[in-house]
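Asker: If you scroll down you'll find the structure; I have some questions about it.
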Amino acid sequence: MDKNALRNALLALETQELQAAQQAYADYSAAAKPAADLQDDAESHSLNVQDAELAQGLEAPLQSAEDAMATLQAIDFGPKTDVAPGALLQVGGQHFVVAVATRPFQVDGVQVMGISTESPLYQSAQGKRVGETAAFGGKHHRIDHIE
């Protein structure tokens, strides 16, 4: 598989996630501005507290998307011989790229899913080579291919 195409697909996917998080935060921020005629009473204070909690809930996905973009930009997607960040691996017929956690996506007609270095698969397979096994999900899985 073309690892440049893989990297570009990951960046495009995470750019969409980042833009969606930015838009959700911007939409909320624009709608959350208090009206000038609101009284400063217990009810408006309660609404302000709820608004702050919701804003924090929207900041988490935004920060996560920003972190994912920074991680992707720092990873070396060059050829790999063992399981490390930037590696594309095939395990049990499925393709995974060690970078950031993603939903499944297509590259060169192949379905790939991004996993982070915090994932159980990576934690078990880190440093292993083709033919070795990694235990996760209660089973041992053979690493069939690494790029």
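Residues in the structure tokens are named by chain (A, B, ... in the order shown) and by number from 1 within that chain; ligands are numbered from 1 in the order shown.
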Excluding Gln63 in chain A and its own-chain neighbours fewer than 5 positions away, which residues fall within 10 Å of it when counting only C-alpha atoms? Please give them as a list of chain:residue names.
Answerer: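 Here the qualifying residues turn out to be A:Leu18, A:Ala21, A:Gln22, A:Leu58, A:Ala68, A:Met69.
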Asker: For the selection just defined, write its residues with N, CA and C atoms to a file, as a short mmCIF file (atom, residue, chain, number, x, y, z; two decimals), in the first residue's frame.
Answerer:
```cif
data_model
loop_
_atom_site.label_atom_id
_atom_site.label_comp_id
_atom_site.auth_asym_id
_atom_site.auth_seq_id
_atom_site.Cartn_x
_atom_site.Cartn_y
_atom_site.Cartn_z
N LEU A 18 -11.58 17.51 13.00
CA LEU A 18 -11.20 18.79 13.60
C LEU A 18 -12.16 19.89 13.16
N ALA A 21 -15.48 19.49 14.96
CA ALA A 21 -15.38 19.91 16.36
C ALA A 21 -15.29 21.42 16.47
N GLN A 22 -14.53 22.05 15.58
CA GLN A 22 -14.42 23.51 15.58
C GLN A 22 -15.77 24.16 15.28
N LEU A 58 -17.82 20.37 24.79
CA LEU A 58 -17.47 20.59 23.40
C LEU A 58 -15.97 20.84 23.22
N ALA A 68 -4.82 14.83 17.83
CA ALA A 68 -4.68 13.81 16.80
C ALA A 68 -3.94 14.38 15.58
N MET A 69 -4.28 15.60 15.19
CA MET A 69 -3.59 16.22 14.06
C MET A 69 -2.10 16.39 14.36
#
```
Asker: Would you pick out the contacts of range 3-5 of chain A at 8 Å or less, using only C-alpha atoms, so that residues sharing its chain but fewer than 6 positions from it are not included, and give the list as a ChimeraX atom specification?
Answerer: /A:77-78,107-108
Asker: Emit the selected residues as a PDB file, in the first residue's frame, including N, CA, C and O atoms.
Answerer:
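Printed below is result15.pdb as written:
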```
ATOM      1  N   PHE A  77       5.911   7.808   8.666  1.00  0.00           N
ATOM      2  CA  PHE A  77       5.175   6.736   8.008  1.00  0.00           C
ATOM      3  C   PHE A  77       6.058   5.938   7.057  1.00  0.00           C
ATOM      4  O   PHE A  77       5.564   5.196   6.220  1.00  0.00           O
ATOM      5  N   GLY A  78       7.361   6.055   7.207  1.00  0.00           N
ATOM      6  CA  GLY A  78       8.287   5.293   6.374  1.00  0.00           C
ATOM      7  C   GLY A  78       8.144   3.803   6.617  1.00  0.00           C
ATOM      8  O   GLY A  78       7.417   3.363   7.510  1.00  0.00           O
ATOM      9  N   VAL A 107      -8.228   3.027   1.751  1.00  0.00           N
ATOM     10  CA  VAL A 107      -7.032   3.505   1.059  1.00  0.00           C
ATOM     11  C   VAL A 107      -6.668   2.453   0.021  1.00  0.00           C
ATOM     12  O   VAL A 107      -6.526   1.273   0.370  1.00  0.00           O
ATOM     13  N   ASP A 108      -6.532   2.874  -1.217  1.00  0.00           N
ATOM     14  CA  ASP A 108      -6.173   1.949  -2.293  1.00  0.00           C
ATOM     15  C   ASP A 108      -7.080   0.716  -2.310  1.00  0.00           C
ATOM     16  O   ASP A 108      -6.626  -0.409  -2.544  1.00  0.00           O
TER      17      ASP A 108
END
```
Asker: So that I can see what lies close to Ala20 in chain A, please list as number ranges by chain the residues with an atom at most 9 Å from it, counting only C-alpha atoms and leaving out residues fewer than 5 positions away in the same chain.
Answerer: A: 15, 25, 62
Asker: Could you write out the selected residues, including N, CA and C atoms, as an mmCIF file, in the first residue's frame?
Answerer:
```
data_model
loop_
_atom_site.group_PDB
_atom_site.id
_atom_site.type_symbol
_atom_site.label_atom_id
_atom_site.label_comp_id
_atom_site.auth_asym_id
_atom_site.auth_seq_id
_atom_site.Cartn_x
_atom_site.Cartn_y
_atom_site.Cartn_z
ATOM 1 N N THR A 15 -8.746 15.903 9.619
ATOM 2 C CA THR A 15 -9.108 17.285 9.290
ATOM 3 C C THR A 15 -10.624 17.443 9.357
ATOM 4 N N TYR A 25 -18.170 23.813 18.241
ATOM 5 C CA TYR A 25 -17.795 24.747 19.304
ATOM 6 C C TYR A 25 -18.160 26.181 18.913
ATOM 7 N N LEU A 62 -12.759 18.899 20.629
ATOM 8 C CA LEU A 62 -11.914 19.831 19.898
ATOM 9 C C LEU A 62 -10.448 19.608 20.255
#
```
Asker: Which is closer to Leu11 in chain A than all the others in A:Asp27, A:Leu88, A:Gln94, A:Val100, using only C-alpha atoms?
Answerer: A:Val100
Asker: Here is a test: counting only C-alpha atoms, which residue of A:Ile146, A:Ala87, A:Val130, A:Val97 is nearest to Gly114 in chain A?
Answerer: A:Val97
Asker: Using only C-alpha atoms, can you tell me which of A:Val83, A:Ala101, A:Ala65, A:Met113 comes closest to Thr133 in chain A?
Answerer: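 Looking only at the distances to Thr133 in chain A, the closest residue turns out to be A:Val83.
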Asker: For a quick check of understanding, using only C-alpha atoms, which of A:Glu147, A:Glu17, A:Asp67, A:Asp2 has the smallest distance to Pro85 in chain A?
Answerer: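 The closest residue to Pro85 in chain A is A:Glu147.
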Asker: Using only C-alpha atoms, which residue out of A:Val112, A:Thr102, A:Asp82, A:Gln123 lies closest to Asp144 in chain A?
Answerer: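 Selected residue with least distance to Asp144 in chain A: A:Asp82.
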Asker: What is the distance between CA of His95 in chain A and CA of Glu66 in chain A, in Å to one decimal?
Answerer: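 Result for CA of His95 in chain A versus CA of Glu66 in chain A: 24.6 Å, one decimal.
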Asker: Distance CA of Ile115 in chain A-CA of Val98 in chain A, one decimal place?
Answerer: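 Value for the CA of Ile115 in chain A-CA of Val98 in chain A distance: 5.1 Å.
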Asker: Quick check for you: according to DSSP on this backbone, which residues of range 89-129 of chain A are classed as helix (DSSP H, G or I)? Reply as a list in words.
Answerer: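 Checking each residue of range 89-129 of chain A, the helix (DSSP H, G or I) ones are Pro120, Leu121, Tyr122, Gln123, Ser124 and Ala125 of chain A.
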Asker: Dump C-alpha atoms for the selected residues as a short mmCIF file (atom, residue, chain, number, x, y, z; two decimals), in the first residue's frame?
Answerer:
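Output file selection_14.cif is given in full below:
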```cif
data_model
loop_
_atom_site.label_atom_id
_atom_site.label_comp_id
_atom_site.auth_asym_id
_atom_site.auth_seq_id
_atom_site.Cartn_x
_atom_site.Cartn_y
_atom_site.Cartn_z
CA PRO A 120 -4.69 -3.06 23.52
CA LEU A 121 -3.56 -4.28 20.08
CA TYR A 122 -0.60 -1.93 20.01
CA GLN A 123 0.27 -2.54 23.65
CA SER A 124 0.48 -6.27 22.93
CA ALA A 125 2.13 -6.05 19.51
#
```
Asker: Taking only C-alpha atoms into account, name the residue in A:Gln106, A:Gln111, A:Thr117, A:Ser64 that is nearest to Ala84 in chain A.
Answerer: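 Ranking A:Gln106, A:Gln111, A:Thr117, A:Ser64 by distance to Ala84 in chain A, first place goes to A:Thr117.
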Asker: Using Å and a single decimal, report how far CA of Glu132 in chain A sits from CA of Thr81 in chain A.
Answerer: 12.0 Å
